[in-house]
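Quick look at coords25.cif (mmCIF, C-alpha atoms):
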```cif
data_run
loop_
_atom_site.label_atom_id
_atom_site.label_comp_id
_atom_site.auth_asym_id
_atom_site.auth_seq_id
_atom_site.Cartn_x
_atom_site.Cartn_y
_atom_site.Cartn_z
CA MET A 1 4.21 -49.96 -157.97
CA THR A 2 0.87 -48.77 -156.60
CA VAL A 3 -1.67 -47.79 -159.25
CA ASP A 4 -4.48 -45.31 -158.67
CA TRP A 5 -7.05 -46.72 -161.05
CA GLU A 6 -8.85 -43.39 -161.34
CA ASP A 7 -5.67 -41.74 -162.65
CA LEU A 8 -4.71 -44.30 -165.32
CA LYS A 9 -3.48 -42.86 -168.62
CA TYR A 10 -4.24 -44.39 -172.02
CA HIS A 11 -3.09 -44.32 -175.62
CA CYS A 12 -5.87 -42.86 -177.81
CA GLY A 13 -7.07 -44.14 -181.17
CA PHE A 14 -8.62 -47.23 -182.76
CA GLY A 15 -6.32 -49.62 -184.62
CA ASN A 16 -3.26 -47.40 -184.19
CA HIS A 17 0.28 -48.73 -183.91
CA PHE A 18 1.32 -47.85 -180.38
CA SER A 19 4.68 -47.97 -178.61
CA SER A 20 4.58 -48.23 -174.83
CA GLU A 21 7.11 -48.59 -172.01
CA ASP A 22 6.59 -48.83 -168.29
CA PRO A 23 8.24 -45.61 -166.99
CA ARG A 24 10.13 -47.63 -164.39
CA CYS A 25 12.22 -49.08 -167.24
CA PRO A 26 12.99 -46.30 -169.73
CA ASN A 27 14.32 -47.35 -173.17
CA SER A 28 13.05 -50.90 -172.68
CA LEU A 29 11.80 -51.05 -176.29
CA PRO A 30 14.56 -52.18 -178.66
CA LYS A 31 15.62 -49.60 -181.22
CA ASN A 32 15.26 -50.25 -184.96
CA GLN A 33 14.44 -53.96 -184.69
CA ASN A 34 12.09 -56.39 -182.96
CA THR A 35 14.37 -59.24 -181.87
CA PRO A 36 17.85 -58.08 -180.88
CA GLN A 37 20.33 -60.68 -179.74
CA ILE A 38 19.98 -59.34 -176.22
CA CYS A 39 16.92 -57.24 -175.32
CA PRO A 40 17.18 -54.23 -173.00
CA TYR A 41 17.02 -55.11 -169.28
CA GLY A 42 17.49 -58.80 -170.16
CA LEU A 43 13.89 -59.12 -171.34
CA TYR A 44 12.47 -61.76 -173.68
CA ALA A 45 10.99 -60.75 -177.05
CA GLU A 46 7.66 -62.39 -177.89
CA GLN A 47 5.27 -61.75 -180.77
CA LEU A 48 1.49 -61.97 -180.39
CA SER A 49 -0.17 -62.45 -183.80
CA GLY A 50 -3.82 -61.45 -184.10
CA THR A 51 -3.98 -62.29 -187.81
CA ALA A 52 -2.12 -64.54 -190.22
CA PHE A 53 1.39 -63.35 -191.09
CA THR A 54 0.29 -62.77 -194.68
CA ALA A 55 -2.97 -60.91 -193.97
CA PRO A 56 -3.19 -57.68 -196.01
CA ARG A 57 -1.35 -54.81 -194.40
CA GLU A 58 -4.58 -52.87 -193.75
CA THR A 59 -5.99 -55.75 -191.66
CA ASN A 60 -2.77 -57.26 -190.29
CA GLU A 61 -2.64 -57.11 -186.48
CA ARG A 62 0.20 -58.07 -184.16
CA ALA A 63 2.09 -56.88 -181.10
CA TRP A 64 5.62 -57.35 -179.81
CA PHE A 65 6.10 -57.92 -176.08
CA TYR A 66 9.29 -57.40 -174.09
CA ARG A 67 8.66 -59.37 -170.97
CA ILE A 68 10.42 -60.79 -167.93
CA LEU A 69 9.58 -64.41 -168.82
CA PRO A 70 8.00 -65.77 -172.02
CA ALA A 71 4.40 -67.01 -171.96
CA VAL A 72 5.54 -70.54 -172.84
CA LEU A 73 6.79 -71.08 -169.28
CA HIS A 74 3.81 -72.94 -167.82
CA ALA A 75 2.69 -76.46 -166.90
CA PRO A 76 0.54 -78.47 -169.36
CA PHE A 77 -3.12 -77.51 -169.77
CA SER A 78 -5.81 -79.55 -168.06
CA LEU A 79 -9.56 -79.52 -168.74
CA ILE A 80 -11.86 -77.61 -166.39
CA LYS A 81 -15.39 -78.89 -166.08
CA SER A 82 -17.84 -76.12 -166.94
CA ASP A 83 -21.55 -76.65 -167.46
CA LEU A 84 -22.35 -73.02 -168.22
CA ILE A 85 -19.97 -72.25 -171.09
CA THR A 86 -20.75 -74.12 -174.28
CA ASN A 87 -20.54 -74.03 -178.06
CA GLN A 88 -22.42 -77.33 -178.45
CA TRP A 89 -25.54 -75.95 -180.13
CA ASP A 90 -26.81 -79.37 -181.25
CA LYS A 91 -27.70 -80.21 -177.64
CA SER A 92 -30.48 -77.58 -177.55
CA GLU A 93 -33.92 -77.66 -179.14
CA PRO A 94 -34.74 -74.94 -181.71
CA ASN A 95 -36.91 -72.15 -180.29
CA PRO A 96 -38.16 -69.35 -182.58
CA ASN A 97 -40.26 -67.58 -179.90
CA GLN A 98 -39.69 -64.02 -178.78
CA THR A 99 -37.70 -64.42 -175.57
CA ARG A 100 -37.23 -62.00 -172.71
CA TRP A 101 -35.16 -62.52 -169.58
CA LYS A 102 -35.69 -60.74 -166.30
CA PRO A 103 -32.50 -59.28 -164.78
CA PHE A 104 -29.98 -62.07 -164.34
CA ASN A 105 -29.18 -62.94 -160.75
CA ILE A 106 -25.92 -61.79 -159.20
CA PRO A 107 -24.76 -64.40 -156.67
CA ALA A 108 -24.46 -63.26 -153.06
CA ILE A 109 -20.89 -63.63 -151.85
CA GLU A 110 -22.07 -65.20 -148.59
CA ASP A 111 -23.72 -67.98 -150.65
CA GLU A 112 -20.99 -68.61 -153.23
CA LYS A 113 -17.80 -66.81 -154.22
CA LYS A 114 -17.66 -66.30 -158.00
CA ASP A 115 -15.20 -64.37 -160.11
CA PHE A 116 -15.63 -63.32 -163.75
CA ILE A 117 -14.74 -66.76 -165.13
CA ASP A 118 -16.94 -68.63 -162.64
CA GLY A 119 -19.84 -66.26 -163.42
CA LEU A 120 -19.77 -66.67 -167.22
CA ALA A 121 -22.78 -68.44 -168.75
CA THR A 122 -23.61 -68.85 -172.44
CA LEU A 123 -27.08 -67.68 -173.46
CA CYS A 124 -27.08 -68.39 -177.19
CA GLY A 125 -24.88 -68.71 -180.22
CA ALA A 126 -24.13 -70.44 -183.51
CA GLY A 127 -21.16 -71.67 -185.46
CA ASP A 128 -17.97 -73.49 -184.60
CA PRO A 129 -14.78 -72.16 -183.02
CA CYS A 130 -12.78 -74.97 -184.66
CA SER A 131 -13.60 -73.62 -188.13
CA ARG A 132 -13.39 -70.04 -186.81
CA HIS A 133 -16.90 -69.09 -187.89
CA GLY A 134 -19.69 -68.06 -185.55
CA ALA A 135 -20.59 -66.07 -182.48
CA SER A 136 -21.95 -66.51 -178.98
CA ILE A 137 -23.57 -64.29 -176.35
CA SER A 138 -22.98 -64.73 -172.63
CA ILE A 139 -23.85 -63.10 -169.35
CA TYR A 140 -21.40 -62.67 -166.49
CA ALA A 141 -22.44 -62.26 -162.86
CA CYS A 142 -19.70 -62.19 -160.23
CA ASN A 143 -19.01 -61.02 -156.70
CA SER A 144 -15.26 -61.41 -156.30
CA SER A 145 -12.00 -60.63 -158.08
CA MET A 146 -9.87 -63.03 -160.10
CA GLU A 147 -7.02 -63.74 -157.69
CA ASN A 148 -3.74 -64.92 -159.28
CA ARG A 149 -5.82 -65.93 -162.27
CA ALA A 150 -5.98 -64.75 -165.88
CA PHE A 151 -8.32 -65.53 -168.77
CA CYS A 152 -7.49 -65.91 -172.45
CA ASN A 153 -9.82 -66.79 -175.34
CA ALA A 154 -8.23 -68.83 -178.13
CA ASP A 155 -11.60 -69.17 -179.91
CA GLY A 156 -12.14 -65.51 -180.76
CA ASP A 157 -12.66 -62.03 -179.35
CA PHE A 158 -14.67 -61.03 -176.28
CA LEU A 159 -16.48 -57.69 -176.28
CA ILE A 160 -17.45 -56.99 -172.66
CA VAL A 161 -20.41 -54.71 -171.84
CA PRO A 162 -20.57 -54.00 -168.07
CA GLN A 163 -24.08 -53.31 -166.75
CA HIS A 164 -23.58 -53.17 -162.98
CA GLY A 165 -20.29 -52.58 -161.22
CA ALA A 166 -16.97 -51.26 -162.49
CA LEU A 167 -14.24 -53.64 -163.71
CA ARG A 168 -10.55 -53.15 -162.89
CA ILE A 169 -8.88 -55.02 -165.74
CA THR A 170 -5.21 -55.99 -165.79
CA THR A 171 -3.87 -57.06 -169.18
CA GLU A 172 -0.43 -57.89 -170.53
CA PHE A 173 -0.50 -54.44 -172.14
CA GLY A 174 -1.41 -52.51 -169.00
CA ARG A 175 -4.48 -51.67 -166.94
CA MET A 176 -7.96 -50.33 -167.68
CA LEU A 177 -10.81 -49.14 -165.48
CA VAL A 178 -14.09 -49.95 -167.25
CA ARG A 179 -17.40 -48.75 -165.86
CA PRO A 180 -21.01 -49.35 -166.95
CA GLU A 181 -21.74 -47.32 -170.10
CA GLU A 182 -18.25 -48.23 -171.29
CA ILE A 183 -17.19 -51.32 -173.25
CA CYS A 184 -13.87 -53.13 -173.55
CA GLN A 185 -12.09 -55.80 -175.49
CA GLY A 186 -9.35 -57.80 -173.82
CA ILE A 187 -6.83 -60.43 -174.93
CA ARG A 188 -5.30 -62.03 -171.81
CA PHE A 189 -6.67 -60.37 -168.71
CA SER A 190 -7.68 -60.52 -165.06
CA ILE A 191 -10.76 -58.75 -163.70
CA ALA A 192 -11.08 -57.32 -160.21
CA VAL A 193 -14.35 -56.00 -158.77
CA ASP A 194 -15.23 -53.94 -155.71
CA GLN A 195 -18.90 -54.93 -155.64
CA PRO A 196 -21.22 -57.58 -157.09
CA SER A 197 -21.08 -57.06 -160.86
CA ARG A 198 -22.99 -58.08 -163.96
CA GLY A 199 -22.76 -57.57 -167.70
CA TYR A 200 -22.92 -59.01 -171.19
CA VAL A 201 -20.31 -60.57 -173.47
CA LEU A 202 -20.36 -60.83 -177.27
CA GLU A 203 -17.89 -63.39 -178.64
CA VAL A 204 -16.98 -63.62 -182.33
CA PHE A 205 -14.95 -66.43 -183.90
CA ASP A 206 -14.33 -65.09 -187.43
CA ASN A 207 -12.56 -61.75 -187.29
CA HIS A 208 -11.73 -58.90 -184.96
CA PHE A 209 -14.16 -56.07 -184.29
CA CYS A 210 -13.66 -52.97 -186.41
CA LEU A 211 -15.34 -49.63 -186.94
CA PRO A 212 -18.19 -49.66 -189.48
CA ASN A 213 -17.71 -47.92 -192.81
CA LEU A 214 -19.40 -44.51 -192.78
CA GLY A 215 -20.29 -44.31 -196.49
CA PRO A 216 -22.25 -41.13 -197.32
CA ILE A 217 -22.09 -40.02 -193.67
CA GLY A 218 -18.54 -38.93 -194.46
CA ALA A 219 -15.34 -38.97 -192.42
CA ASN A 220 -16.82 -38.21 -188.98
CA GLY A 221 -19.56 -39.48 -186.70
CA LEU A 222 -20.74 -42.57 -184.82
CA ALA A 223 -17.82 -43.92 -182.74
CA ASN A 224 -14.87 -41.66 -183.52
CA PRO A 225 -11.50 -43.50 -183.54
CA ARG A 226 -9.86 -40.93 -181.26
CA ASP A 227 -12.21 -41.85 -178.39
CA PHE A 228 -10.97 -45.44 -178.05
CA GLU A 229 -8.40 -45.94 -175.30
CA THR A 230 -5.66 -48.58 -175.03
CA PRO A 231 -3.70 -49.22 -171.82
CA MET A 232 -0.13 -48.06 -171.34
CA ALA A 233 2.57 -50.55 -170.42
CA TRP A 234 2.62 -51.70 -166.80
CA TYR A 235 4.22 -54.80 -165.34
CA GLU A 236 4.48 -56.76 -162.14
CA ASP A 237 7.44 -59.01 -161.29
CA ARG A 238 5.69 -61.29 -158.86
CA GLN A 239 6.36 -64.90 -157.88
CA CYS A 240 3.15 -66.71 -156.95
CA ASP A 241 0.99 -69.72 -157.73
CA PHE A 242 -0.69 -68.36 -160.87
CA THR A 243 -3.31 -69.92 -163.17
CA VAL A 244 -4.05 -69.06 -166.80
CA VAL A 245 -7.52 -70.19 -167.92
CA GLN A 246 -7.89 -70.54 -171.67
CA LYS A 247 -11.08 -71.03 -173.68
CA TYR A 248 -10.21 -73.45 -176.48
CA GLN A 249 -12.63 -75.16 -178.89
CA GLY A 250 -15.53 -74.23 -176.63
CA SER A 251 -14.05 -75.72 -173.44
CA LEU A 252 -12.04 -74.24 -170.58
CA PHE A 253 -8.50 -75.37 -169.79
CA GLU A 254 -6.11 -74.20 -167.10
CA SER A 255 -2.35 -74.17 -166.77
CA LYS A 256 -0.26 -73.41 -163.71
CA GLN A 257 2.86 -71.31 -163.44
CA ASP A 258 4.98 -69.83 -160.66
CA HIS A 259 4.73 -66.17 -161.67
CA SER A 260 2.25 -63.54 -162.80
CA CYS A 261 1.68 -63.44 -166.56
CA PHE A 262 1.42 -59.64 -166.41
CA ASP A 263 5.18 -59.15 -166.70
CA VAL A 264 5.35 -57.20 -169.98
CA VAL A 265 7.68 -54.25 -169.43
CA ALA A 266 7.25 -52.75 -172.92
CA TRP A 267 5.29 -53.42 -176.08
CA HIS A 268 4.51 -52.07 -179.50
CA GLY A 269 1.94 -52.98 -182.14
CA ASP A 270 -1.64 -52.57 -183.29
CA TYR A 271 -3.17 -55.73 -181.76
CA ALA A 272 -4.08 -54.52 -178.28
CA PRO A 273 -6.98 -54.24 -175.80
CA TYR A 274 -9.14 -51.13 -175.76
CA LYS A 275 -12.06 -49.50 -174.03
CA TYR A 276 -14.65 -46.99 -175.25
CA ASP A 277 -17.08 -44.69 -173.45
CA LEU A 278 -20.48 -45.12 -175.11
CA ARG A 279 -21.49 -41.61 -174.01
CA LYS A 280 -19.06 -40.25 -176.61
CA PHE A 281 -20.99 -41.82 -179.51
CA VAL A 282 -22.00 -39.24 -182.13
CA VAL A 283 -25.62 -39.97 -183.07
CA VAL A 284 -26.81 -39.62 -186.67
CA ASN A 285 -30.55 -39.68 -187.38
CA SER A 286 -33.30 -38.46 -189.69
CA VAL A 287 -34.14 -34.75 -189.53
CA SER A 288 -37.08 -35.01 -191.95
CA VAL A 289 -39.29 -38.12 -191.88
CA ASP A 290 -39.21 -41.83 -190.98
CA HIS A 291 -37.53 -43.96 -188.35
CA LEU A 292 -34.21 -45.01 -189.86
CA ASP A 293 -32.72 -48.48 -189.55
CA PRO A 294 -30.80 -49.22 -186.32
CA SER A 295 -27.58 -49.75 -188.28
CA ILE A 296 -27.01 -45.99 -187.95
CA PHE A 297 -26.24 -46.67 -184.28
CA THR A 298 -23.47 -49.23 -184.93
CA VAL A 299 -20.44 -48.81 -182.67
CA LEU A 300 -18.40 -51.84 -183.78
CA THR A 301 -18.85 -54.62 -186.31
CA CYS A 302 -17.33 -58.01 -187.02
CA PRO A 303 -17.75 -58.41 -190.79
CA SER A 304 -18.44 -61.67 -192.57
CA LEU A 305 -17.18 -62.58 -196.04
CA LYS A 306 -20.50 -61.33 -197.45
CA PRO A 307 -20.28 -57.58 -198.11
CA GLY A 308 -22.41 -55.49 -195.78
CA THR A 309 -23.42 -58.49 -193.64
CA ALA A 310 -21.99 -58.85 -190.16
CA ILE A 311 -21.19 -61.88 -188.10
CA ALA A 312 -22.17 -59.49 -185.33
CA ASP A 313 -22.76 -55.76 -184.91
CA PHE A 314 -22.69 -53.93 -181.61
CA VAL A 315 -25.39 -51.23 -181.72
CA ILE A 316 -26.49 -48.76 -179.03
CA PHE A 317 -29.59 -46.63 -178.46
CA PRO A 318 -28.32 -43.63 -176.50
CA PRO A 319 -30.08 -40.43 -175.42
CA ARG A 320 -30.78 -38.27 -178.50
CA TRP A 321 -33.12 -35.82 -180.16
CA SER A 322 -36.14 -37.03 -182.14
CA VAL A 323 -37.41 -34.47 -184.64
CA GLN A 324 -39.03 -36.41 -187.51
CA GLU A 325 -42.28 -35.01 -188.92
CA HIS A 326 -45.35 -37.07 -189.95
CA THR A 327 -43.61 -40.14 -188.50
CA PHE A 328 -44.27 -43.06 -186.20
CA ARG A 329 -41.17 -42.40 -184.11
CA PRO A 330 -40.68 -45.60 -182.05
CA PRO A 331 -38.99 -48.62 -183.67
CA TYR A 332 -41.13 -50.05 -186.45
CA TYR A 333 -42.71 -53.51 -186.49
CA HIS A 334 -40.18 -55.84 -187.97
CA ARG A 335 -39.23 -59.28 -189.23
CA ASN A 336 -35.53 -59.61 -189.84
CA CYS A 337 -33.21 -62.08 -191.57
CA MET A 338 -30.78 -61.20 -188.76
CA SER A 339 -31.00 -62.23 -185.09
CA GLU A 340 -31.48 -59.36 -182.61
CA PHE A 341 -30.31 -59.72 -179.01
CA MET A 342 -30.94 -56.67 -176.82
CA GLY A 343 -29.74 -55.71 -173.36
CA LEU A 344 -30.43 -52.72 -171.15
CA ILE A 345 -27.55 -51.13 -169.27
CA THR A 346 -29.50 -48.44 -167.47
CA GLY A 347 -32.86 -46.65 -167.47
CA LYS A 348 -36.02 -47.56 -169.34
CA TYR A 349 -36.24 -48.75 -172.95
CA GLU A 350 -38.27 -46.40 -175.13
CA ALA A 351 -40.38 -48.98 -176.99
CA LYS A 352 -41.45 -51.49 -174.39
CA GLU A 353 -42.57 -51.77 -170.77
CA GLY A 354 -41.19 -54.61 -168.66
CA PHE A 355 -37.72 -54.61 -170.22
CA GLN A 356 -35.44 -54.20 -167.20
CA ALA A 357 -31.79 -53.22 -166.80
CA GLY A 358 -29.68 -56.35 -166.43
CA GLY A 359 -32.17 -58.41 -168.45
CA ALA A 360 -32.28 -59.17 -172.17
CA THR A 361 -34.43 -60.09 -175.16
CA LEU A 362 -33.83 -62.23 -178.23
CA HIS A 363 -35.84 -61.84 -181.42
CA SER A 364 -34.63 -64.63 -183.65
CA CYS A 365 -34.32 -64.78 -187.40
CA MET A 366 -37.70 -63.88 -189.01
CA THR A 367 -39.53 -63.78 -185.66
CA PRO A 368 -41.91 -60.76 -185.57
CA HIS A 369 -41.27 -58.04 -183.00
CA GLY A 370 -41.90 -54.36 -182.38
CA PRO A 371 -43.41 -51.87 -179.92
CA ASP A 372 -45.95 -53.05 -177.35
CA SER A 373 -49.54 -51.87 -177.60
CA ASP A 374 -49.16 -49.03 -175.07
CA CYS A 375 -46.19 -47.63 -176.97
CA PHE A 376 -48.08 -47.85 -180.27
CA GLU A 377 -51.21 -46.10 -179.01
CA LYS A 378 -49.20 -43.30 -177.47
CA ALA A 379 -47.03 -42.82 -180.55
CA ILE A 380 -49.92 -42.39 -182.98
CA THR A 381 -51.44 -39.60 -180.86
CA ASP A 382 -48.29 -37.80 -179.68
CA GLU A 383 -47.68 -34.21 -180.69
CA LEU A 384 -44.67 -34.42 -183.00
CA LYS A 385 -42.46 -31.73 -181.57
CA PRO A 386 -38.68 -31.93 -181.13
CA MET A 387 -38.01 -33.97 -178.01
CA ARG A 388 -35.29 -35.82 -176.19
CA ILE A 389 -35.75 -39.59 -176.09
CA ALA A 390 -34.02 -42.33 -174.12
CA GLU A 391 -32.91 -39.70 -171.58
CA GLY A 392 -31.16 -41.45 -168.69
CA SER A 393 -31.27 -44.74 -170.59
CA LEU A 394 -28.83 -46.86 -172.57
CA ALA A 395 -29.95 -49.97 -174.43
CA PHE A 396 -27.84 -51.97 -176.86
CA MET A 397 -28.20 -54.68 -179.48
CA PHE A 398 -25.99 -57.52 -180.63
CA GLU A 399 -27.25 -58.14 -184.18
CA SER A 400 -26.01 -61.21 -186.02
CA SER A 401 -26.49 -62.78 -189.44
CA LEU A 402 -26.41 -66.16 -187.67
CA SER A 403 -29.48 -68.02 -186.47
CA LEU A 404 -28.73 -68.14 -182.74
CA VAL A 405 -29.43 -71.26 -180.68
CA LEU A 406 -30.61 -70.82 -177.10
CA THR A 407 -28.80 -72.92 -174.49
CA ASN A 408 -30.61 -75.10 -171.99
CA TRP A 409 -29.25 -72.90 -169.20
CA SER A 410 -30.72 -69.76 -170.73
CA MET A 411 -34.16 -71.31 -171.22
CA LYS A 412 -34.47 -73.35 -168.03
CA ALA A 413 -31.72 -73.45 -165.43
CA CYS A 414 -31.23 -69.69 -165.08
CA GLU A 415 -34.94 -69.34 -164.15
CA ARG A 416 -35.05 -65.79 -165.54
CA VAL A 417 -37.24 -66.28 -168.63
CA ASP A 418 -40.32 -64.05 -168.71
CA HIS A 419 -42.91 -66.51 -169.97
CA ASP A 420 -45.50 -63.74 -170.32
CA TYR A 421 -43.43 -61.67 -172.72
CA PHE A 422 -45.70 -62.40 -175.69
CA LYS A 423 -48.59 -60.77 -173.85
CA CYS A 424 -47.16 -57.29 -174.39
CA TRP A 425 -48.54 -57.50 -177.94
CA SER A 426 -51.80 -59.26 -177.05
CA THR A 427 -53.83 -56.03 -176.73
CA LEU A 428 -52.89 -54.66 -180.15
CA ARG A 429 -56.16 -53.86 -181.92
CA LYS A 430 -57.34 -53.10 -185.40
CA HIS A 431 -57.31 -49.52 -186.61
CA PHE A 432 -58.34 -50.44 -190.16
CA THR A 433 -61.12 -48.19 -191.36
CA GLY A 434 -62.15 -50.35 -194.29
CA PRO A 435 -62.72 -49.14 -197.88
CA LYS A 436 -63.95 -45.57 -198.22
#
```

As C-alpha cells, the full file:
Amino acid sequence: MTVDWEDLKYHCGFGNHFSSEDPRCPNSLPKNQNTPQICPYGLYAEQLSGTAFTAPRETNERAWFYRILPAVLHAPFSLIKSDLITNQWDKSEPNPNQTRWKPFNIPAIEDEKKDFIDGLATLCGAGDPCSRHGASISIYACNSSMENRAFCNADGDFLIVPQHGALRITTEFGRMLVRPEEICQGIRFSIAVDQPSRGYVLEVFDNHFCLPNLGPIGANGLANPRDFETPMAWYEDRQCDFTVVQKYQGSLFESKQDHSCFDVVAWHGDYAPYKYDLRKFVVVNSVSVDHLDPSIFTVLTCPSLKPGTAIADFVIFPPRWSVQEHTFRPPYYHRNCMSEFMGLITGKYEAKEGFQAGGATLHSCMTPHGPDSDCFEKAITDELKPMRIAEGSLAFMFESSLSLVLTNWSMKACERVDHDYFKCWSTLRKHFTGPK
C-alpha cells in the first residue's frame, strides 16, 4: 500500500484511548474482548504495557496489538559497540561552566552514511536507567534513512525535537510525518529522511511525559490536548532481513528477524506515539508588569516524586506579544537549582547574540546566566510599547531537577564547544549610582 506522507490522517487528543484498524482489514479489532481464542484474520494478540499492571487508572497506560507475527519472533540480542551513546556519567569530570555549542555538524553522505541511530550522540545526563531514575540529552545528525531497521528504547521515553529536515517515522501504530517546529514521541520506530537532518532528543527514565497542570490558568491554554496527533493503524507484511536495535541499560543491542516489525494490522489503547505542532501552543504571559518564570511556556513535563519538581520539562519560547510596563523584558539574570539546556530550532534567540540554530547551551545547577551586555543595554533604554518578540524564531529548553553531567564527546570530541561563550558577559558594567 503506497502512502502519501503529506496526506496522512491522525487520531487527535493527548492520552486518549484510541481504537484503530488498517482500512485494508476492516473489523480486525476483536469485539468485546482483548484475547479471543482466534483473532480476526488469524492475527496474534499482544499487549504493550507502558506502566505497571496495577498503576492507578488515571496513569495506567497500555495498548493491545493485533499483528501478523508476535514481537517475540526474533534471534537473540547481541551487543553493538557504540562510543557516542552513554549513561556512564562517572567517566566524565564535573564541569559547572556555562557551555555553548556551535551548530552540531551533519555528516556529508559522501564521507559517511549515517542513519538516525548511527547519528545519536549523548551530550549530558544524570541518573541510572537500571533504577529507572534520571534523564539524558542527545543530538542526532544523520544523512540517510533507517533501512530494514527499527529502534526501541527499553530505558525510557525519547522526545524528539527536529531542527533541520523532516522525519518520516514508521511505528507499530502507524506513520507520522514530523517536521522542524514539531515534536514527537515514539515507542518502536524507523526514521526515513530525504535530506541531511539534525535535531535534539530528551530521554527520561522515570515516567512518561504528560501535560503540565494548569492551576489558576484554568481549563485551557498552553499545549491543548486536542492538538496532539497519534498515527492511525498501518501495516506491512514484508519478508526481509530486518534488525531491531534496542537501548537497554545504557547500551545498544540488536536482534535479527526475517520480517518487518511493522506488521500491526489493528490496535487499541492509550499508550501510543504522538506528534505536536509547536506553532499551536497557546502562550500565556504577563499583561501588567514583570518577566514571568519560563514555566509558563511548558509544553510537556515528566514529573518526579517531589510535587511540582520535574525530572524534565520541555519548554518553548515561541513568537508572542510583549506588553509589560515598567519592566526589564528580556529573561532576568538567574541562578537556578535546576539545570537548563537550551536549543534553537530556527531564527535568532531574543536574549543573546551568537546562539545559533542547531547549537545549544547548558547552564548547570546554580551556574549564573542571563542576557548578554548588548541585550541588557538595549532593554533598559527601549521604549516599552506593545511589540512582537521572537518573530521568526523558536527556541526551547529542557529543564531538569537533575545535575547534568557533560560527556567527553560533548566537551571534546564533537569539537563544537564555543570556548569564548563567557565573554558575552565580560562587558557588563556598573550602573550603580551610589548613595544619594

Hey, which bits of segment 209-322 of chain A sit within 8 Å of segment 147-163 of chain A, and for each residue what's the closest pair of atoms and how far apart in Å (one decimal), counting only C-alpha atoms, rows by chain and increasing number, as JSON lines?
```
{"residue": "A:Phe209", "atom": "CA", "partner": "A:Asp157", "partner_atom": "CA", "distance": 7.9}
{"residue": "A:Cys240", "atom": "CA", "partner": "A:Asn148", "partner_atom": "CA", "distance": 7.5}
{"residue": "A:Asp241", "atom": "CA", "partner": "A:Asn148", "partner_atom": "CA", "distance": 6.9}
{"residue": "A:Phe242", "atom": "CA", "partner": "A:Asn148", "partner_atom": "CA", "distance": 4.9}
{"residue": "A:Thr243", "atom": "CA", "partner": "A:Arg149", "partner_atom": "CA", "distance": 4.8}
{"residue": "A:Val244", "atom": "CA", "partner": "A:Ala150", "partner_atom": "CA", "distance": 4.8}
{"residue": "A:Val245", "atom": "CA", "partner": "A:Phe151", "partner_atom": "CA", "distance": 4.8}
{"residue": "A:Gln246", "atom": "CA", "partner": "A:Cys152", "partner_atom": "CA", "distance": 4.7}
{"residue": "A:Lys247", "atom": "CA", "partner": "A:Asn153", "partner_atom": "CA", "distance": 4.7}
{"residue": "A:Tyr248", "atom": "CA", "partner": "A:Ala154", "partner_atom": "CA", "distance": 5.3}
{"residue": "A:Gln249", "atom": "CA", "partner": "A:Asp155", "partner_atom": "CA", "distance": 6.2}
{"residue": "A:Gly250", "atom": "CA", "partner": "A:Asp155", "partner_atom": "CA", "distance": 7.2}
{"residue": "A:Ser260", "atom": "CA", "partner": "A:Asn148", "partner_atom": "CA", "distance": 7.1}
{"residue": "A:Cys261", "atom": "CA", "partner": "A:Ala150", "partner_atom": "CA", "distance": 7.8}
```

Segment 155-201 of chain A near segment 343-353 of chain A within 10 Å: what's each residue's closest atom pair and its distance in Å to one decimal, counting all atoms listed in the file, ordered by chain then ascending residue number, as CSV?
```
residue,atom,partner,partner_atom,distance
A:Val161,CA,A:Ile345,CA,8.4
A:Pro162,CA,A:Ile345,CA,7.6
A:Gln163,CA,A:Ile345,CA,4.8
A:His164,CA,A:Ile345,CA,7.7
A:Pro180,CA,A:Ile345,CA,7.2
A:Glu181,CA,A:Ile345,CA,7.0
A:Glu182,CA,A:Ile345,CA,9.9
A:Arg198,CA,A:Ile345,CA,9.9
A:Gly199,CA,A:Ile345,CA,8.2
A:Tyr200,CA,A:Gly343,CA,7.9
```

Given the file shown, determine the residues that the PyMOL selection byres ((chain A and resi 131) around 12) selects; report them as a ChimeraX atom specification.
-> /A:126-130,132-135,155-156,205-207,249-250

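Taking atom CA of Phe396 of chain A and atom CA of Leu84 of chain A as the two end points, the separation is 23.4 Å.
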
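The nearest approach to Gln257 of chain A among the residues A:Arg24, A:His74, A:Arg175, A:Lys412, with all atoms listed in the file taken into account, belongs to A:His74.
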
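Taking all atoms listed in the file into account, Leu211 of chain A lies nearest to A:Gly15 out of the set A:Pro56, A:Pro435, A:Pro331, A:Gly15.
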
As a check of understanding: the span from atom CA of Ser92 of chain A to atom CA of Pro107 of chain A is 25.3 Å

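Note that atom CA of Glu58 of chain A and atom CA of Asn34 of chain A are 20.2 Å apart.
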
Taking all atoms of segment 135-147 of chain A that the file lists, what box with edges along x, y and z, padded by 8 Å per side, do you get, with centre and edge lengths in Å to one decimal, as AutoDock Vina command-line options?
```
--center_x -15.4 --center_y -63.6 --center_z -169.4 --size_x 32.8 --size_y 21.9 --size_z 42.2
```

Spell out the residues picked by the PyMOL selection byres ((chain A and resi 39-55) around 7) here, as an MDAnalysis selection string.
-> chainID A and resid 28 30 35:38 56:57 59:70 271

Would you write out those residues with C-alpha atoms, as an mmCIF file, in the frame of the given file?
```cif
data_model
loop_
_atom_site.group_PDB
_atom_site.id
_atom_site.type_symbol
_atom_site.label_atom_id
_atom_site.label_comp_id
_atom_site.auth_asym_id
_atom_site.auth_seq_id
_atom_site.Cartn_x
_atom_site.Cartn_y
_atom_site.Cartn_z
ATOM 1 C CA SER A 28 13.050 -50.900 -172.680
ATOM 2 C CA PRO A 30 14.560 -52.180 -178.660
ATOM 3 C CA THR A 35 14.370 -59.240 -181.870
ATOM 4 C CA PRO A 36 17.850 -58.080 -180.880
ATOM 5 C CA GLN A 37 20.330 -60.680 -179.740
ATOM 6 C CA ILE A 38 19.980 -59.340 -176.220
ATOM 7 C CA PRO A 56 -3.190 -57.680 -196.010
ATOM 8 C CA ARG A 57 -1.350 -54.810 -194.400
ATOM 9 C CA THR A 59 -5.990 -55.750 -191.660
ATOM 10 C CA ASN A 60 -2.770 -57.260 -190.290
ATOM 11 C CA GLU A 61 -2.640 -57.110 -186.480
ATOM 12 C CA ARG A 62 0.200 -58.070 -184.160
ATOM 13 C CA ALA A 63 2.090 -56.880 -181.100
ATOM 14 C CA TRP A 64 5.620 -57.350 -179.810
ATOM 15 C CA PHE A 65 6.100 -57.920 -176.080
ATOM 16 C CA TYR A 66 9.290 -57.400 -174.090
ATOM 17 C CA ARG A 67 8.660 -59.370 -170.970
ATOM 18 C CA ILE A 68 10.420 -60.790 -167.930
ATOM 19 C CA LEU A 69 9.580 -64.410 -168.820
ATOM 20 C CA PRO A 70 8.000 -65.770 -172.020
ATOM 21 C CA TYR A 271 -3.170 -55.730 -181.760
#
```
